[in-house]
Structure formats: structure tokens, C-alpha cells
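structure_31.pdb follows; it contains PDB, C-alpha atoms, pLDDT in the B column.
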MODEL        1
ATOM      1  CA  MET A   1     -18.272  -5.443   5.170  1.00 65.00           C
ATOM      2  CA  ASN A   2     -17.485  -4.138   1.713  1.00 87.00           C
ATOM      3  CA  GLU A   3     -13.853  -4.516   0.830  1.00 89.00           C
ATOM      4  CA  ILE A   4     -12.224  -2.444  -1.863  1.00 91.00           C
ATOM      5  CA  LEU A   5      -8.864  -2.289  -3.573  1.00 92.00           C
ATOM      6  CA  VAL A   6      -6.718   0.536  -2.257  1.00 94.00           C
ATOM      7  CA  ILE A   7      -3.431   1.375  -3.950  1.00 94.00           C
ATOM      8  CA  ILE A   8      -0.927   2.935  -1.540  1.00 97.00           C
ATOM      9  CA  THR A   9       2.115   4.733  -2.932  1.00 96.00           C
ATOM     10  CA  TYR A  10       4.786   6.591  -1.045  1.00 97.00           C
ATOM     11  CA  ASP A  11       7.925   8.603  -1.550  1.00 96.00           C
ATOM     12  CA  VAL A  12      10.153   8.873   1.509  1.00 97.00           C
ATOM     13  CA  ASN A  13      13.250  11.063   1.528  1.00 96.00           C
ATOM     14  CA  THR A  14      16.103   8.674   2.357  1.00 96.00           C
ATOM     15  CA  GLN A  15      18.977  11.169   2.405  1.00 96.00           C
ATOM     16  CA  THR A  16      19.255  10.763   6.186  1.00 96.00           C
ATOM     17  CA  SER A  17      19.324   7.747   8.472  1.00 97.00           C
ATOM     18  CA  ALA A  18      15.998   8.930   9.927  1.00 96.00           C
ATOM     19  CA  GLY A  19      14.511   8.905   6.416  1.00 96.00           C
ATOM     20  CA  LYS A  20      15.794   5.391   5.787  1.00 97.00           C
ATOM     21  CA  ALA A  21      14.176   4.281   9.066  1.00 97.00           C
ATOM     22  CA  ARG A  22      10.878   5.936   8.054  1.00 97.00           C
ATOM     23  CA  LEU A  23      11.013   4.147   4.692  1.00 97.00           C
ATOM     24  CA  ARG A  24      11.405   0.758   6.403  1.00 97.00           C
ATOM     25  CA  LYS A  25       8.533   1.540   8.796  1.00 97.00           C
ATOM     26  CA  VAL A  26       6.206   2.620   5.982  1.00 97.00           C
ATOM     27  CA  ALA A  27       7.015  -0.497   3.932  1.00 97.00           C
ATOM     28  CA  LYS A  28       6.507  -2.762   6.961  1.00 97.00           C
ATOM     29  CA  GLN A  29       3.080  -1.267   7.688  1.00 97.00           C
ATOM     30  CA  CYS A  30       2.039  -1.605   4.049  1.00 97.00           C
ATOM     31  CA  LEU A  31       3.147  -5.258   4.031  1.00 95.00           C
ATOM     32  CA  ASN A  32       0.792  -5.840   6.966  1.00 95.00           C
ATOM     33  CA  TYR A  33      -2.161  -4.798   4.789  1.00 94.00           C
ATOM     34  CA  GLY A  34      -1.357  -5.886   1.245  1.00 94.00           C
ATOM     35  CA  GLN A  35       1.182  -6.953  -1.335  1.00 93.00           C
ATOM     36  CA  ARG A  36       4.046  -4.989  -2.831  1.00 93.00           C
ATOM     37  CA  VAL A  37       3.610  -4.629  -6.613  1.00 91.00           C
ATOM     38  CA  GLN A  38       6.359  -2.057  -7.212  1.00 91.00           C
ATOM     39  CA  ASN A  39       9.105  -0.699  -4.939  1.00 92.00           C
ATOM     40  CA  SER A  40       6.887   1.890  -3.272  1.00 95.00           C
ATOM     41  CA  VAL A  41       3.465   0.663  -4.419  1.00 95.00           C
ATOM     42  CA  PHE A  42       1.153  -1.702  -2.565  1.00 96.00           C
ATOM     43  CA  GLU A  43      -2.214  -3.219  -3.464  1.00 93.00           C
ATOM     44  CA  CYS A  44      -4.432  -3.736  -0.432  1.00 94.00           C
ATOM     45  CA  ILE A  45      -7.919  -5.212  -0.096  1.00 93.00           C
ATOM     46  CA  LEU A  46      -9.402  -3.249   2.810  1.00 94.00           C
ATOM     47  CA  ASP A  47     -12.662  -2.371   4.432  1.00 93.00           C
ATOM     48  CA  ALA A  48     -13.331   1.241   5.435  1.00 92.00           C
ATOM     49  CA  ALA A  49     -11.989   0.804   8.984  1.00 95.00           C
ATOM     50  CA  GLN A  50      -8.777  -0.821   7.789  1.00 96.00           C
ATOM     51  CA  ALA A  51      -8.266   1.894   5.171  1.00 95.00           C
ATOM     52  CA  LYS A  52      -8.601   4.616   7.788  1.00 96.00           C
ATOM     53  CA  MET A  53      -6.313   2.706  10.163  1.00 96.00           C
ATOM     54  CA  ILE A  54      -3.472   2.345   7.661  1.00 97.00           C
ATOM     55  CA  GLU A  55      -3.824   5.981   6.591  1.00 96.00           C
ATOM     56  CA  ASN A  56      -3.482   7.102  10.211  1.00 97.00           C
ATOM     57  CA  LYS A  57      -0.536   4.788  10.903  1.00 97.00           C
ATOM     58  CA  LEU A  58       1.363   5.910   7.828  1.00 97.00           C
ATOM     59  CA  GLU A  59       0.592   9.580   8.426  1.00 97.00           C
ATOM     60  CA  ARG A  60       2.159   9.297  11.883  1.00 97.00           C
ATOM     61  CA  ILE A  61       5.332   7.748  10.429  1.00 97.00           C
ATOM     62  CA  ILE A  62       6.162  10.117   7.580  1.00 97.00           C
ATOM     63  CA  ASP A  63       7.721  13.566   7.710  1.00 96.00           C
ATOM     64  CA  LYS A  64       5.137  15.709   5.949  1.00 95.00           C
ATOM     65  CA  GLU A  65       7.820  18.258   5.001  1.00 96.00           C
ATOM     66  CA  SER A  66       9.870  15.791   2.932  1.00 96.00           C
ATOM     67  CA  ASP A  67       7.793  12.609   2.360  1.00 97.00           C
ATOM     68  CA  SER A  68       4.488  11.910   0.638  1.00 96.00           C
ATOM     69  CA  LEU A  69       1.720   9.319   0.614  1.00 97.00           C
ATOM     70  CA  ARG A  70      -0.991   8.690  -1.980  1.00 96.00           C
ATOM     71  CA  PHE A  71      -4.056   6.481  -1.571  1.00 96.00           C
ATOM     72  CA  TYR A  72      -6.056   5.424  -4.627  1.00 94.00           C
ATOM     73  CA  TYR A  73      -9.467   3.956  -3.854  1.00 93.00           C
ATOM     74  CA  ILE A  74     -10.117   1.682  -6.828  1.00 90.00           C
ATOM     75  CA  GLY A  75     -13.302   0.067  -5.526  1.00 78.00           C
ATOM     76  CA  ASP A  76     -14.752  -3.421  -5.368  1.00 73.00           C
ATOM     77  CA  HIS A  77     -14.730  -4.180  -9.114  1.00 68.00           C
ATOM     78  CA  TYR A  78     -10.983  -3.691  -9.324  1.00 65.00           C
ATOM     79  CA  LYS A  79     -10.266  -6.825 -11.376  1.00 65.00           C
ATOM     80  CA  ASN A  80     -11.669  -4.980 -14.401  1.00 67.00           C
ATOM     81  CA  LYS A  81      -9.649  -1.854 -13.594  1.00 67.00           C
ATOM     82  CA  VAL A  82      -6.144  -3.228 -13.072  1.00 71.00           C
ATOM     83  CA  ARG A  83      -4.031  -4.491 -15.939  1.00 69.00           C
ATOM     84  CA  HIS A  84      -0.553  -5.909 -15.408  1.00 65.00           C
ATOM     85  CA  ILE A  85       2.101  -6.153 -18.110  1.00 69.00           C
ATOM     86  CA  GLY A  86       5.615  -7.363 -17.489  1.00 74.00           C
ATOM     87  CA  SER A  87       7.717  -9.803 -15.582  1.00 75.00           C
ATOM     88  CA  LYS A  88       6.886  -9.233 -11.941  1.00 66.00           C
ATOM     89  CA  VAL A  89       4.611 -12.048 -10.857  1.00 64.00           C
ATOM     90  CA  VAL A  90       1.760 -11.022  -8.582  1.00 61.00           C
ATOM     91  CA  PHE A  91      -0.831 -13.187  -6.951  1.00 59.00           C
ATOM     92  CA  ASP A  92      -4.528 -12.630  -6.418  1.00 60.00           C
ATOM     93  CA  ILE A  93      -4.620 -11.284  -2.875  1.00 57.00           C
ATOM     94  CA  GLU A  94      -8.123 -12.625  -2.395  1.00 59.00           C
ATOM     95  CA  GLU A  95      -7.193 -16.226  -3.234  1.00 59.00           C
ATOM     96  CA  PRO A  96      -5.749 -18.619  -0.623  1.00 55.00           C
ATOM     97  CA  LEU A  97      -1.966 -18.786  -0.657  1.00 46.00           C
ATOM     98  CA  VAL A  98      -0.783 -22.374  -1.026  1.00 51.00           C
ATOM     99  CA  LEU A  99       2.878 -23.040  -0.272  1.00 50.00           C
TER     100      LEU A  99
ENDMDL
END
Would you write the structure of this file as C-alpha cells?
Amino acid sequence: MNEILVIITYDVNTQTSAGKARLRKVAKQCLNYGQRVQNSVFECILDAAQAKMIENKLERIIDKESDSLRFYYIGDHYKNKVRHIGSKVVFDIEEPLVL
């Protein structure tokens, strides 16, 4: 299957305890599919089925009246399209993780 880089961003209204719970649920689901690169930004290498699955899961969690989700489909040649500057260390999510 073709895998592509998908950037998932979200903004969850955390003014209520329900909003704070939604935020934790959204972040947990995103962690299941990729790596956090900013507070509310995840990079995920997904195939089409996985992309649709995470979209559906996240859509069921958020409150569409006060929260938002964005999905950026970068494609399979993403290494030429993503440039990182700064201190936060990220790892190549396609490489084996050695501890």
C-alpha cells in the first residue's frame, strides 16, 4: 500500500472539563498514528485506510461547534517538503526506533 505523510492539527476548546477531556482523547488517538511535532500538530505516515480511520475517530471525539481539525495530505515524497528549524528533536518515523 502507498503510505503518505499526513499532518494532523487540532484546536480543542478547553474552557470546560469536557473540552479538556476531548483534548486528551484527540491527542491520545493522534499518538496512536504518529509523532507529536508541536503541541497540537502530529506527523503521521498512513495508508488511505488508516487516514480515513483516524479522521473518523477524531471527528467523533470533537465538538464541531467549538473545536476544529485539519488534515494536510503531504504525499509520499514528504522528505523534500518538510523542513525543520529549531530545538525540538524529531525522529524519522519510518526508521526503526532503537532504545
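Straight-line separation from CA of Ile61 in chain A to CA of Leu31 in chain A: 14.7 Å.
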Contacts of range 43-69 of chain A with range 21-26 of chain A up to 9 Å, shortest pair per row, all atoms listed in the file, as a tab-separated table:
residue	atom	partner	partner_atom	distance
A:Lys57	CA	A:Val26	CA	8.6
A:Leu58	CA	A:Val26	CA	6.1
A:Ile61	CA	A:Arg22	CA	6.3
A:Ile62	CA	A:Arg22	CA	6.3
A:Asp63	CA	A:Arg22	CA	8.3
I'd like to know which of A:Asp76, A:Asp11, A:Glu55, A:Asp67 is closest to Val41 in chain A, using only C-alpha atoms. A:Asp11
Any chance you could work out the residue set of the PyMOL selection byres ((chain A and resi 43) around 7) here, as a list in words? Leu5, Val6, Ile7, Ile8, Gly34, Gln35, Arg36, Val37, Val41, Phe42, Cys44 and Ile45 of chain A
Using all atoms listed in the file, find the one residue out of A:Ala27, A:Ile74, A:Leu69, A:Ala18 that sits nearest to Glu3 in chain A.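 When distances to Glu3 in chain A are compared using all atoms listed in the file, the smallest one comes from A:Ile74.
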Have a look at A:Ser87, A:Gln29, A:Leu46, A:Arg60 and name the one nearest to Gly75 in chain A; count only C-alpha atoms.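 Under the stated criterion, the closest residue is A:Leu46.
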In Å, rounded to a single decimal, give me how far CA of Arg70 in chain A is from CA of Thr9 in chain A.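 Between CA of Thr9 in chain A and CA of Arg70 in chain A the gap works out to 5.1 Å.
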Straight-line distance linking CA of Gln38 in chain A with CA of Ser68 in chain A, stated in Å to one decimal: 16.1 Å
Output as JSON the centre and edge lengths (Å, one decimal) of the box along x, y and z of the file that holds every listed atom of range 10-18 of chain A after adding 5 Å on each side.
{"center_x": 12.1, "center_y": 8.9, "center_z": 4.2, "size_x": 24.5, "size_y": 14.6, "size_z": 21.5}
Of the residues A:Ser66, A:Glu59, A:Gln50, A:Gly86, which is the one nearest to Asn13 in chain A, using all atoms listed in the file? A:Ser66
Complete range 41-52 of chain A at the level of all heavy atoms, written as an mmCIF file, keeping the file's coordinate frame.
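After the write, out_31.cif holds the following:
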data_model
loop_
_atom_site.group_PDB
_atom_site.id
_atom_site.type_symbol
_atom_site.label_atom_id
_atom_site.label_comp_id
_atom_site.auth_asym_id
_atom_site.auth_seq_id
_atom_site.Cartn_x
_atom_site.Cartn_y
_atom_site.Cartn_z
ATOM 1 N N VAL A 41 4.880 0.775 -4.060
ATOM 2 C CA VAL A 41 3.465 0.663 -4.419
ATOM 3 C C VAL A 41 2.911 -0.646 -3.865
ATOM 4 O O VAL A 41 3.472 -1.708 -4.110
ATOM 5 C CB VAL A 41 3.257 0.707 -5.950
ATOM 6 C CG1 VAL A 41 1.781 0.601 -6.305
ATOM 7 C CG2 VAL A 41 3.877 1.959 -6.550
ATOM 8 N N PHE A 42 1.799 -0.533 -3.145
ATOM 9 C CA PHE A 42 1.153 -1.702 -2.565
ATOM 10 C C PHE A 42 -0.306 -1.755 -2.983
ATOM 11 O O PHE A 42 -0.971 -0.723 -3.066
ATOM 12 C CB PHE A 42 1.218 -1.645 -1.034
ATOM 13 C CG PHE A 42 2.561 -1.989 -0.485
ATOM 14 C CD1 PHE A 42 3.585 -1.070 -0.497
ATOM 15 C CD2 PHE A 42 2.803 -3.246 0.031
ATOM 16 C CE1 PHE A 42 4.836 -1.383 0.001
ATOM 17 C CE2 PHE A 42 4.046 -3.578 0.528
ATOM 18 C CZ PHE A 42 5.067 -2.650 0.517
ATOM 19 N N GLU A 43 -0.797 -2.978 -3.232
ATOM 20 C CA GLU A 43 -2.214 -3.219 -3.464
ATOM 21 C C GLU A 43 -2.775 -3.852 -2.204
ATOM 22 O O GLU A 43 -2.240 -4.851 -1.714
ATOM 23 C CB GLU A 43 -2.423 -4.171 -4.645
ATOM 24 C CG GLU A 43 -2.066 -3.581 -5.977
ATOM 25 C CD GLU A 43 -2.293 -4.543 -7.124
ATOM 26 O OE1 GLU A 43 -2.612 -5.734 -6.881
ATOM 27 O OE2 GLU A 43 -2.140 -4.111 -8.267
ATOM 28 N N CYS A 44 -3.852 -3.267 -1.686
ATOM 29 C CA CYS A 44 -4.432 -3.736 -0.432
ATOM 30 C C CYS A 44 -5.940 -3.882 -0.583
ATOM 31 O O CYS A 44 -6.603 -2.973 -1.094
ATOM 32 C CB CYS A 44 -4.154 -2.733 0.686
ATOM 33 S SG CYS A 44 -2.415 -2.279 0.865
ATOM 34 N N ILE A 45 -6.472 -5.024 -0.152
ATOM 35 C CA ILE A 45 -7.919 -5.212 -0.096
ATOM 36 C C ILE A 45 -8.335 -4.868 1.332
ATOM 37 O O ILE A 45 -7.952 -5.563 2.279
ATOM 38 C CB ILE A 45 -8.317 -6.659 -0.440
ATOM 39 C CG1 ILE A 45 -7.821 -7.046 -1.829
ATOM 40 C CG2 ILE A 45 -9.828 -6.839 -0.320
ATOM 41 C CD1 ILE A 45 -8.450 -6.275 -2.970
ATOM 42 N N LEU A 46 -9.094 -3.785 1.480
ATOM 43 C CA LEU A 46 -9.402 -3.249 2.810
ATOM 44 C C LEU A 46 -10.869 -2.903 2.933
ATOM 45 O O LEU A 46 -11.523 -2.544 1.955
ATOM 46 C CB LEU A 46 -8.592 -1.968 3.050
ATOM 47 C CG LEU A 46 -7.075 -2.045 2.869
ATOM 48 C CD1 LEU A 46 -6.479 -0.653 2.944
ATOM 49 C CD2 LEU A 46 -6.465 -2.961 3.900
ATOM 50 N N ASP A 47 -11.358 -2.953 4.163
ATOM 51 C CA ASP A 47 -12.662 -2.371 4.432
ATOM 52 C C ASP A 47 -12.417 -0.927 4.885
ATOM 53 O O ASP A 47 -11.262 -0.491 5.022
ATOM 54 C CB ASP A 47 -13.456 -3.200 5.446
ATOM 55 C CG ASP A 47 -12.804 -3.307 6.815
ATOM 56 O OD1 ASP A 47 -12.145 -2.342 7.258
ATOM 57 O OD2 ASP A 47 -12.957 -4.365 7.449
ATOM 58 N N ALA A 48 -13.469 -0.184 5.115
ATOM 59 C CA ALA A 48 -13.331 1.241 5.435
ATOM 60 C C ALA A 48 -12.512 1.468 6.703
ATOM 61 O O ALA A 48 -11.677 2.372 6.760
ATOM 62 C CB ALA A 48 -14.713 1.882 5.571
ATOM 63 N N ALA A 49 -12.723 0.640 7.724
ATOM 64 C CA ALA A 49 -11.989 0.804 8.984
ATOM 65 C C ALA A 49 -10.502 0.533 8.789
ATOM 66 O O ALA A 49 -9.656 1.274 9.308
ATOM 67 C CB ALA A 49 -12.571 -0.112 10.057
ATOM 68 N N GLN A 50 -10.179 -0.510 8.038
ATOM 69 C CA GLN A 50 -8.777 -0.821 7.789
ATOM 70 C C GLN A 50 -8.101 0.283 6.974
ATOM 71 O O GLN A 50 -6.947 0.640 7.238
ATOM 72 C CB GLN A 50 -8.654 -2.143 7.039
ATOM 73 C CG GLN A 50 -9.018 -3.353 7.851
ATOM 74 C CD GLN A 50 -9.101 -4.600 6.992
ATOM 75 O OE1 GLN A 50 -9.614 -4.567 5.863
ATOM 76 N NE2 GLN A 50 -8.606 -5.703 7.515
ATOM 77 N N ALA A 51 -8.821 0.821 5.994
ATOM 78 C CA ALA A 51 -8.266 1.894 5.171
ATOM 79 C C ALA A 51 -7.936 3.105 6.024
ATOM 80 O O ALA A 51 -6.863 3.706 5.894
ATOM 81 C CB ALA A 51 -9.238 2.269 4.055
ATOM 82 N N LYS A 52 -8.840 3.467 6.913
ATOM 83 C CA LYS A 52 -8.601 4.616 7.788
ATOM 84 C C LYS A 52 -7.438 4.329 8.744
ATOM 85 O O LYS A 52 -6.604 5.200 9.011
ATOM 86 C CB LYS A 52 -9.878 4.944 8.568
ATOM 87 C CG LYS A 52 -9.843 6.288 9.205
ATOM 88 C CD LYS A 52 -9.726 7.341 8.135
ATOM 89 C CE LYS A 52 -9.913 8.719 8.693
ATOM 90 N NZ LYS A 52 -9.464 9.733 7.744
#
